[in-house]
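Note: the block below is data.txt and it holds compact mmCIF, C-alpha atoms.
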# COMPACT_ATOMS: atom_id res chain seq x y z
CA MET V 139 -53.49 -3.83 7.00
CA ILE V 140 -55.32 -2.50 10.09
CA ALA V 141 -57.69 -5.48 10.19
CA ARG V 142 -54.71 -7.81 10.70
CA ALA V 143 -53.87 -6.27 14.09
CA PRO V 144 -56.72 -3.89 15.09
CA TYR V 145 -56.25 -4.23 18.85
CA LEU V 146 -52.58 -3.33 18.54
CA PHE V 147 -53.52 -0.10 16.76
CA LEU V 148 -56.21 0.66 19.34
CA LEU V 149 -53.71 0.22 22.18
CA LEU V 150 -51.22 2.34 20.28
CA ILE V 151 -53.80 5.14 20.18
CA ILE V 152 -55.20 4.86 23.73
CA ILE V 153 -52.14 4.22 25.96
CA PRO V 154 -50.37 7.60 25.61
CA ASP V 155 -53.61 9.50 26.22
CA LEU V 156 -54.26 7.49 29.38
CA TYR V 157 -50.81 8.47 30.60
CA LEU V 158 -51.29 12.14 29.69
CA ASP V 159 -54.73 12.19 31.30
CA LEU V 160 -53.56 10.59 34.56
CA HIS V 161 -50.44 12.73 34.89
CA TYR V 162 -51.47 16.08 33.42
CA TRP V 163 -55.01 16.70 32.17
CA ARG V 164 -56.80 15.39 35.26
CA HIS V 165 -54.70 17.54 37.62
CA ARG V 166 -54.99 20.60 35.41
CA PHE V 167 -58.70 20.47 34.60
CA GLY V 168 -60.10 18.49 37.54
CA GLY V 169 -63.23 16.53 36.64
CA TRP V 170 -64.54 15.87 33.18
CA THR V 171 -64.63 19.47 32.07
CA THR V 172 -65.17 20.58 28.49
CA LYS V 173 -61.44 21.28 28.07
CA ARG V 174 -60.48 17.84 29.34
CA LEU V 175 -62.93 16.22 26.93
CA LEU V 176 -61.54 18.30 24.07
CA TYR V 177 -58.08 16.80 24.70
CA TRP V 178 -59.62 13.36 24.22
CA MET V 179 -61.44 14.22 20.96
CA PRO V 180 -58.53 13.44 18.56
CA THR V 181 -58.14 10.06 20.27
CA ILE V 182 -61.84 9.31 19.98
CA GLY V 183 -61.66 10.25 16.31
CA MET V 184 -58.67 7.94 15.74
CA ILE V 185 -60.46 5.09 17.53
CA ALA V 186 -63.48 5.56 15.25
CA TYR V 187 -61.19 5.66 12.17
CA THR V 188 -59.50 2.43 13.31
CA LEU V 189 -62.85 0.68 13.84
CA TYR V 190 -63.87 1.72 10.32
CA LEU V 191 -60.68 0.27 8.81
CA MET V 192 -61.15 -2.97 10.78
CA TYR V 193 -63.87 -3.90 8.30
CA GLU V 194 -61.60 -3.44 5.27
CA LYS V 195 -60.90 -7.05 4.29
CA ASN V 196 -58.09 -6.37 1.82
CA PHE V 197 -54.58 -5.50 3.00
CA LEU V 198 -54.93 -2.18 1.20
CA PRO V 199 -58.32 -0.47 0.56
CA ASP V 200 -59.44 -0.06 -3.04
CA ASN V 201 -58.97 3.65 -2.38
CA PRO V 202 -55.55 3.60 -0.64
CA THR V 203 -55.81 7.30 0.22
CA ILE V 204 -58.07 6.27 3.11
CA LEU V 205 -55.20 4.29 4.63
CA TYR V 206 -52.55 6.89 3.77
CA ILE V 207 -54.50 9.61 5.64
CA TYR V 208 -54.91 7.27 8.62
CA LEU V 209 -51.17 6.52 8.78
CA LEU V 210 -50.34 10.23 8.42
CA LEU V 211 -52.67 11.06 11.33
CA LEU V 212 -51.01 8.31 13.38
CA GLY V 213 -47.68 9.96 12.71
CA LEU V 214 -48.84 13.51 13.39
CA ILE V 215 -51.03 12.85 16.45
CA VAL V 216 -50.42 9.46 18.07
CA ILE V 217 -46.67 8.85 17.67
CA PRO V 218 -45.75 12.32 19.06
CA LYS V 219 -47.73 11.47 22.21
CA TRP V 220 -45.77 8.23 22.50
CA ILE V 221 -42.48 10.11 22.17
CA PHE V 222 -43.55 12.60 24.84
CA MET V 223 -44.82 9.82 27.12
CA LEU V 224 -41.60 7.79 26.88
CA CYS V 225 -39.44 10.87 27.47
CA SER V 226 -41.64 11.87 30.39
CA ILE V 227 -41.47 8.42 31.99
CA THR V 228 -37.69 8.38 31.57
CA GLY V 229 -37.49 11.85 33.14
CA LEU V 230 -39.66 10.78 36.08
CA GLY V 231 -37.40 7.80 36.67
CA TYR V 232 -34.36 10.06 36.61
CA CYS V 233 -35.98 12.47 39.07
CA ARG V 234 -36.80 9.71 41.54
CA LEU V 235 -33.38 8.10 41.21
CA PHE V 236 -31.41 11.32 41.74
CA HIS V 237 -34.01 13.18 43.88
CA LYS V 238 -34.59 15.95 41.33
CA LYS V 239 -37.77 18.00 41.03
CA LYS V 240 -37.62 19.22 37.42
CA ASN V 241 -38.60 16.62 34.82
CA TYR V 242 -36.51 17.57 31.80
CA GLY V 243 -37.91 14.53 29.97
CA ASN V 244 -41.01 16.60 29.23
CA LEU V 245 -38.92 19.33 27.60
CA ILE V 246 -36.95 16.79 25.53
CA GLY V 247 -40.20 15.16 24.41
CA LEU V 248 -41.64 18.52 23.35
CA CYS V 249 -38.48 19.28 21.35
CA LEU V 250 -38.54 15.93 19.56
CA VAL V 251 -42.15 16.27 18.38
CA PRO V 252 -41.47 19.01 15.76
CA LEU V 253 -38.58 16.91 14.44
CA LEU V 254 -40.96 13.97 13.96
CA TRP V 255 -43.45 16.21 12.17
CA PHE V 256 -40.68 17.40 9.86
CA VAL V 257 -39.67 13.79 9.04
CA LEU V 258 -43.28 12.81 8.27
CA ILE V 259 -44.16 15.84 6.16
CA TYR V 260 -40.86 15.87 4.25
CA GLY V 261 -40.88 12.09 3.71
CA SER V 262 -44.47 12.14 2.42
CA THR V 263 -43.84 14.98 -0.03
CA ILE V 264 -40.32 15.90 -1.21
CA GLY V 265 -38.67 12.73 0.05
CA PHE V 266 -41.01 10.41 -1.85
CA GLU V 267 -40.41 12.29 -5.10
CA LYS V 268 -36.60 12.22 -4.97
CA LEU V 269 -34.78 9.90 -7.35
CA GLU V 270 -31.11 8.98 -7.59
CA VAL V 271 -29.18 7.41 -10.47
CA ASN V 272 -26.87 4.94 -8.72
CA GLN V 273 -23.82 4.08 -10.85
CA GLN V 274 -22.31 0.69 -9.97
CA THR V 275 -19.65 -1.60 -11.48
CA TYR V 276 -19.46 -5.38 -11.21
CA THR V 277 -16.24 -7.20 -12.14
CA SER V 278 -15.90 -10.94 -12.71
CA PRO V 279 -13.30 -13.12 -14.48
CA ASP V 280 -16.20 -15.35 -15.58
CA LEU V 281 -17.76 -12.61 -17.70
CA PRO V 282 -17.41 -13.27 -21.46
CA ALA V 283 -15.14 -10.73 -23.17
CA ALA V 284 -17.90 -9.46 -25.47
CA PHE V 285 -19.88 -8.31 -22.40
CA ASP V 286 -17.08 -6.16 -20.98
CA GLY V 287 -18.75 -2.75 -20.56
CA TYR V 288 -22.28 -4.16 -20.86
CA ARG V 289 -24.72 -1.72 -19.19
CA ILE V 290 -27.77 -2.86 -17.27
CA VAL V 291 -30.39 -0.66 -15.64
CA LEU V 292 -31.96 -2.25 -12.56
CA PHE V 293 -35.12 -0.89 -10.99
CA SER V 294 -37.60 -2.46 -8.60
CA ASP V 295 -40.56 -2.04 -6.25
CA ALA V 296 -42.42 0.64 -8.17
CA HIS V 297 -45.73 -0.14 -6.39
CA VAL V 298 -47.46 1.90 -9.09
CA GLY V 299 -50.76 1.97 -7.16
CA SER V 300 -49.12 4.53 -4.86
CA TYR V 301 -48.74 7.04 -7.73
CA LYS V 302 -52.43 7.96 -7.84
CA GLY V 303 -52.39 11.67 -8.67
CA ARG V 304 -48.56 11.65 -8.67
CA GLN V 305 -47.88 9.92 -11.96
CA HIS V 306 -45.08 12.38 -12.70
CA ILE V 307 -42.89 10.50 -10.18
CA LEU V 308 -43.11 7.30 -12.21
CA GLN V 309 -42.65 9.22 -15.48
CA ASN V 310 -39.48 10.79 -14.08
CA ALA V 311 -38.05 7.36 -13.20
CA ILE V 312 -38.83 5.94 -16.65
CA ASP V 313 -37.32 9.00 -18.36
CA HIS V 314 -34.11 8.59 -16.35
CA ILE V 315 -33.93 4.89 -17.25
CA ASN V 316 -34.32 5.52 -20.98
CA ALA V 317 -31.78 8.36 -20.79
CA GLN V 318 -29.11 5.80 -19.85
CA HIS V 319 -29.50 4.04 -23.25
CA PRO V 320 -28.86 0.67 -21.55
CA ASP V 321 -28.12 -2.65 -23.17
CA LEU V 322 -30.64 -4.32 -20.86
CA ILE V 323 -33.34 -3.26 -18.40
CA VAL V 324 -34.29 -5.57 -15.53
CA TYR V 325 -37.11 -5.19 -13.03
CA THR V 326 -37.10 -7.21 -9.81
CA GLY V 327 -40.74 -7.24 -8.77
CA ASP V 328 -43.59 -5.54 -6.89
CA LEU V 329 -45.12 -3.70 -9.80
CA GLN V 330 -48.59 -3.48 -8.27
CA ASN V 331 -49.70 -2.81 -4.71
CA THR V 332 -52.32 -5.53 -4.39
CA GLN V 333 -54.33 -5.82 -7.63
CA PRO V 334 -53.64 -5.55 -11.39
CA GLN V 335 -56.01 -2.57 -11.57
CA ASP V 336 -53.15 -0.58 -10.03
CA ILE V 337 -51.23 -0.97 -13.30
CA TYR V 338 -53.90 0.12 -15.80
CA GLU V 339 -53.36 3.89 -15.80
CA HIS V 340 -49.57 3.50 -15.97
CA MET V 341 -49.42 1.11 -18.95
CA ASP V 342 -48.33 3.75 -21.47
CA ILE V 343 -45.48 4.98 -19.28
CA LEU V 344 -44.22 1.49 -18.45
CA SER V 345 -44.48 0.41 -22.09
CA SER V 346 -42.12 3.22 -23.12
CA LEU V 347 -39.03 1.51 -21.62
CA LYS V 348 -36.41 0.80 -24.28
CA ALA V 349 -33.17 -1.22 -24.22
CA LYS V 350 -31.12 -2.98 -26.91
CA ASP V 351 -31.75 -6.43 -25.44
CA GLY V 352 -35.20 -5.69 -24.02
CA VAL V 353 -36.88 -5.44 -20.63
CA TYR V 354 -36.96 -8.50 -18.33
CA SER V 355 -38.78 -8.90 -15.03
CA VAL V 356 -39.71 -11.19 -12.17
CA LEU V 357 -42.67 -11.11 -9.80
CA GLY V 358 -42.50 -9.73 -6.27
CA ASN V 359 -44.63 -10.76 -3.30
CA HIS V 360 -47.14 -7.96 -4.02
CA ASP V 361 -47.57 -9.18 -7.61
CA TYR V 362 -49.36 -12.29 -6.35
CA ALA V 363 -52.94 -12.16 -5.09
CA MET V 364 -52.03 -12.81 -1.45
CA TYR V 365 -53.08 -9.39 -0.17
CA ILE V 366 -56.72 -9.49 -1.21
CA ASP V 367 -59.67 -11.21 0.43
CA ALA V 368 -61.03 -13.31 -2.45
CA ASP V 369 -61.76 -16.86 -3.49
CA GLU V 370 -59.09 -18.93 -5.20
CA ALA V 371 -60.59 -18.45 -8.68
CA ARG V 372 -60.30 -14.67 -8.45
CA LYS V 373 -56.75 -14.88 -7.09
CA VAL V 374 -55.72 -17.11 -10.00
CA ALA V 375 -57.36 -14.68 -12.43
CA ASN V 376 -55.53 -11.73 -10.87
CA ASN V 377 -52.19 -13.52 -11.15
CA ARG V 378 -52.84 -14.28 -14.80
CA GLU V 379 -53.78 -10.67 -15.46
CA VAL V 380 -50.54 -9.33 -13.98
CA VAL V 381 -48.58 -11.69 -16.23
CA SER V 382 -50.66 -10.61 -19.23
CA LEU V 383 -50.19 -6.89 -18.49
CA GLU V 384 -46.41 -7.22 -18.31
CA LYS V 385 -46.48 -9.07 -21.64
CA GLN V 386 -48.63 -6.31 -23.17
CA MET V 387 -46.05 -3.75 -22.03
CA GLY V 388 -43.39 -5.61 -23.99
CA TRP V 389 -41.63 -6.98 -20.92
CA THR V 390 -40.36 -10.56 -20.74
CA LEU V 391 -41.45 -12.04 -17.43
CA LEU V 392 -39.23 -14.87 -16.15
CA ARG V 393 -40.95 -17.39 -13.88
CA ASN V 394 -38.40 -19.99 -12.80
CA GLU V 395 -36.84 -19.86 -16.27
CA HIS V 396 -33.96 -18.31 -18.17
CA ARG V 397 -33.00 -16.72 -21.48
CA THR V 398 -29.73 -16.40 -23.38
CA ILE V 399 -28.37 -12.94 -24.21
CA GLU V 400 -25.87 -13.02 -27.07
CA ARG V 401 -23.06 -10.74 -28.20
CA GLY V 402 -21.30 -12.16 -31.24
CA LYS V 403 -20.07 -15.64 -30.31
CA ASP V 404 -20.35 -14.95 -26.56
CA HIS V 405 -23.41 -15.15 -24.36
CA ILE V 406 -24.63 -14.78 -20.80
CA ILE V 407 -27.60 -16.41 -19.08
CA LEU V 408 -30.34 -14.14 -17.74
CA ALA V 409 -32.43 -16.11 -15.26
CA GLY V 410 -35.45 -15.18 -13.16
CA MET V 411 -36.89 -16.99 -10.14
CA GLU V 412 -40.38 -16.68 -8.76
CA ASN V 413 -40.59 -14.76 -5.49
CA ASP V 414 -38.88 -16.83 -2.82
CA GLY V 415 -39.62 -15.46 0.64
CA ASP V 416 -40.09 -17.11 4.02
CA GLY V 417 -43.15 -19.10 2.95
CA LYS V 418 -45.26 -17.45 5.69
CA LYS V 419 -45.64 -13.72 5.11
CA PHE V 420 -44.10 -13.93 1.65
CA PRO V 421 -44.63 -16.59 -1.04
CA GLN V 422 -41.85 -19.16 -1.40
CA LEU V 423 -42.14 -20.25 -5.01
CA GLY V 424 -38.56 -20.08 -6.28
CA ASN V 425 -37.16 -23.22 -7.88
CA ILE V 426 -33.46 -22.79 -8.62
CA ASN V 427 -33.12 -26.15 -10.38
CA LYS V 428 -35.99 -25.41 -12.73
CA THR V 429 -34.72 -21.86 -13.29
CA LEU V 430 -31.24 -23.01 -14.34
CA LYS V 431 -32.20 -26.29 -16.01
CA GLY V 432 -29.90 -26.96 -18.97
CA VAL V 433 -27.45 -24.16 -18.11
CA LYS V 434 -23.82 -25.17 -18.68
CA LYS V 435 -21.18 -25.15 -15.94
CA ASP V 436 -19.05 -22.41 -17.48
CA ASP V 437 -21.94 -20.04 -18.29
CA PHE V 438 -22.05 -16.61 -16.69
CA ILE V 439 -25.41 -16.31 -14.90
CA LEU V 440 -27.21 -13.10 -14.01
CA LEU V 441 -30.12 -14.07 -11.74
CA LEU V 442 -33.14 -11.93 -10.87
CA GLU V 443 -34.90 -12.68 -7.57
CA HIS V 444 -37.20 -10.27 -5.76
CA ASP V 445 -36.49 -11.34 -2.18
CA PRO V 446 -32.79 -11.13 -1.20
CA SER V 447 -33.28 -13.62 1.65
CA SER V 448 -33.36 -16.34 -1.02
CA TRP V 449 -29.71 -15.63 -1.85
CA ARG V 450 -28.42 -17.44 1.22
CA ARG V 451 -31.28 -19.90 1.36
CA LYS V 452 -31.19 -21.25 -2.21
CA ILE V 453 -28.87 -19.38 -4.56
CA ILE V 454 -25.56 -19.67 -2.66
CA PRO V 455 -26.06 -23.39 -1.90
CA ASP V 456 -26.73 -24.00 -5.61
CA GLY V 457 -23.46 -22.21 -6.41
CA ARG V 458 -24.04 -21.43 -10.09
CA ALA V 459 -25.21 -17.79 -10.28
CA GLN V 460 -22.30 -15.37 -10.18
CA LEU V 461 -24.50 -12.28 -9.84
CA THR V 462 -27.96 -11.91 -8.27
CA LEU V 463 -30.06 -8.73 -8.38
CA SER V 464 -32.87 -8.17 -5.86
CA GLY V 465 -35.17 -5.54 -4.33
CA HIS V 466 -37.99 -6.01 -1.80
CA THR V 467 -36.49 -4.21 1.22
CA HIS V 468 -36.85 -0.60 -0.05
CA LYS V 469 -33.95 0.22 2.29
CA MET V 470 -36.82 0.52 4.78
CA GLN V 471 -37.67 3.86 3.05
CA PHE V 472 -35.94 5.49 6.01
CA THR V 473 -32.41 6.23 7.15
CA LEU V 474 -31.03 8.69 9.67
CA PHE V 475 -27.69 10.26 8.78
CA GLY V 476 -27.10 7.29 6.48
CA TRP V 477 -27.93 4.66 9.13
CA CYS V 478 -30.80 2.28 8.39
CA PRO V 479 -32.47 0.50 11.35
CA MET V 480 -32.70 -2.61 9.18
CA SER V 481 -28.92 -2.99 9.38
CA VAL V 482 -29.22 -4.41 12.92
CA THR V 483 -30.98 -7.52 11.54
CA GLY V 484 -27.79 -8.72 9.86
CA LYS V 485 -29.78 -9.52 6.72
CA GLU V 486 -29.01 -8.39 3.17
CA PHE V 487 -31.05 -5.22 2.78
CA ASN V 488 -29.18 -2.77 0.52
CA GLY V 489 -26.10 -2.61 -1.68
CA TRP V 490 -23.42 -5.23 -2.34
CA TYR V 491 -22.86 -8.59 -0.62
CA SER V 492 -20.37 -11.31 -1.56
CA GLU V 493 -19.81 -14.94 -0.68
CA GLY V 494 -16.92 -16.59 -2.50
CA SER V 495 -17.40 -16.04 -6.23
CA GLN V 496 -21.07 -15.14 -5.82
CA SER V 497 -22.37 -11.58 -5.43
CA LEU V 498 -25.71 -9.99 -4.59
CA PHE V 499 -26.89 -6.42 -5.15
CA VAL V 500 -30.05 -5.20 -3.41
CA THR V 501 -31.61 -2.00 -4.71
CA ALA V 502 -33.63 0.44 -2.60
CA GLY V 503 -36.30 0.48 -5.34
CA VAL V 504 -38.14 3.45 -6.79
CA GLY V 505 -41.43 3.56 -4.84
CA GLY V 506 -43.25 1.96 -1.97
CA LEU V 507 -46.60 0.63 -0.79
CA ILE V 508 -46.74 3.62 1.55
CA PRO V 509 -45.78 6.88 -0.25
CA PHE V 510 -43.03 7.92 2.15
CA ARG V 511 -39.23 8.09 1.96
CA PHE V 512 -36.87 9.92 4.29
CA ASP V 513 -33.16 10.02 3.50
CA ALA V 514 -33.66 6.85 1.44
CA PRO V 515 -34.60 8.17 -2.02
CA GLY V 516 -35.86 6.01 -4.81
CA GLU V 517 -33.15 4.83 -7.16
CA ILE V 518 -32.43 3.35 -10.53
CA VAL V 519 -29.18 1.42 -10.69
CA VAL V 520 -26.91 1.63 -13.71
CA LEU V 521 -24.75 -1.50 -13.49
CA THR V 522 -21.72 -1.81 -15.76
CA LEU V 523 -20.27 -5.29 -16.17
CA LYS V 524 -16.48 -5.61 -16.35
CA LYS V 525 -14.28 -8.61 -17.06

I'd like the structure from this file rewritten - as structure tokens, please.
Amino acid sequence: MIARAPYLFLLLIIIPDLYLDLHYWRHRFGGWTTKRLLYWMPTIGMIAYTLYLMYEKNFLPDNPTILYIYLLLLGLIVIPKWIFMLCSITGLGYCRLFHKKKNYGNLIGLCLVPLLWFVLIYGSTIGFEKLEVNQQTYTSPDLPAAFDGYRIVLFSDAHVGSYKGRQHILQNAIDHINAQHPDLIVYTGDLQNTQPQDIYEHMDILSSLKAKDGVYSVLGNHDYAMYIDADEARKVANNREVVSLEKQMGWTLLRNEHRTIERGKDHIILAGMENDGDGKKFPQLGNINKTLKGVKKDDFILLLEHDPSSWRRKIIPDGRAQLTLSGHTHKMQFTLFGWCPMSVTGKEFNGWYSEGSQSLFVTAGVGGLIPFRFDAPGEIVVLTLKK
């Protein structure tokens, strides 16, 4: 992660300290006194930490705790300095514009820093462990009568590599899923962080999922080998292993294919596309025609697709899938008084979206690559189908 933009991180670390040194430390301590040097020590330490992580070739180190500690230190040390610096600069501008002497921007900056610390500490501890059971209902005249009241549990984005030493969080999610006694369980991708080894220690927990019609899944962008520095042969082997592990857990992985779920004489189509992202940062492998090959015009189609951006790009133009379930966005793992910064993008990021007779639901997921959630708890979705 850091190796992809090391100079950006270095600038992020150095700039606020340059400002603080020029405007405060230099005037207070004079030359390069011991006290002035001590104020620079955390920055020097963060620079050294960044240089160390520059040589980590994979997106996530084999021991992710190394990265988690680095990001936590960024939040506790570097970002507060940025907040203070920006408030201070704004205050200076106000003073010059209105000929004031007191820079209240400094005071505002100092007050905001403890709030940031609270967000970081809470989000990394209590916030990441919270789980909600989100009850939802979907109604469609196309739904076969026998499936009226059919209950589906949707969960996504477990990123099980982030549960190292916190396996109870995953166990809690699985227990809540099984407690719903669903007809069907569906998982919409990102089971691992970067490598199938992430899944090994959680196999027993994940294998314990139970539903009348089974557990079905699709792959997310992190389930492919695109975040490791390896030759093509190893990447292919990793992809095969993820597929094999899901099969060993008793899950049915859908890769541009579909299955028929029957209730008496009625049936619905459960389809799953490969991850279909932008083709740059995220793999674009979804093939809607292959996925729905042979499906009849009057069939009710429930489609699983990890990346919700594919809904407008491929699924709506195809016009056949009445209901699509996705994940991927994690609801940014952050909201403030219910407002998510991702909402300004205008993209589908959480909850319900409709276009004509087609609907999309995007879940916030249960985990995250980075173990942090603030006011955006993990969720399992209990979806009841109604005719």

Exercise for the section: Would you mind telling me which residue in V:Ile406, V:Arg450, V:Ile207, V:Phe236 lies nearest to Asp286 in chain V when using all atoms listed in the file? Expected result: V:Ile406

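Taking CA of Ile264 in chain V and CA of Pro334 in chain V as endpoints, the distance between them is 27.2 Å.
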
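CA of Ala284 in chain V sits 12.5 Å away from CA of Asp321 in chain V.
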
Each residue of range 308-349 of chain V with at least one atom at most 12 Å from range 433-442 of chain V should appear once, together with its nearest atom pair and the corresponding distance in Å (one decimal); atoms considered: all atoms listed in the file; ordering: chain, then increasing residue number; output as a Markdown table.
| residue | atom | partner | partner_atom | distance |
| --- | --- | --- | --- | --- |
| V:Leu322 | CA | V:Leu440 | CA | 11.7 |
| V:Ile323 | CA | V:Leu442 | CA | 11.5 |
| V:Val324 | CA | V:Leu442 | CA | 8.0 |
| V:Tyr325 | CA | V:Leu442 | CA | 8.1 |
| V:Thr326 | CA | V:Leu442 | CA | 6.3 |
| V:Gly327 | CA | V:Leu442 | CA | 9.2 |

Problem - Among the residues V:Ile312, V:Leu461, V:Val519, V:Ala409, the one that comes closest to Ser497 in chain V [using all atoms listed in the file] - result: V:Leu461

Practice task
May I ask which of the residues V:Lys173, V:Arg393, V:Arg458, V:Lys348 is the closest one to His319 in chain V, counting only C-alpha atoms?
Solution key: V:Lys348

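In this model, the gap between CA of Ser355 in chain V and CA of Leu205 in chain V comes to 28.8 Å.
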
Practice task
Tell me, as number ranges by chain, which residues lie within 9 Å of Asn241 in chain V, counting only C-alpha atoms; anything in the same chain fewer than 2 positions away does not count.
Solution key: V: 226, 228-230, 232-233, 238-239, 243-245

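Counting only C-alpha atoms and comparing V:Leu156, V:Leu269, V:Leu253, V:Ala349, the residue that lies closest to Pro515 in chain V is V:Leu269.
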
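Comparing V:Thr203, V:Gln305, V:Asn394, V:Asn425 by their smallest distance to Met341 in chain V, the closest is V:Gln305 (using all atoms listed in the file).
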
Exercise for the section: Measuring atom to atom with only C-alpha atoms, identify which of V:Glu400, V:Asp159, V:Asp280, V:Asp414 is nearest to Lys350 in chain V. Expected result: V:Glu400

Exercise for the section: Could you give me, as a VMD selection string, the residues within 10 Å of range 358-364 of chain V, counting only C-alpha atoms and dropping anything in the same chain fewer than 3 positions from it? Expected result: chain V and resid 196 to 197 294 to 295 297 325 to 334 355 367 to 368 370 372 to 378 380 to 381 411 to 415 419 to 423 443 to 445 464 to 466 507
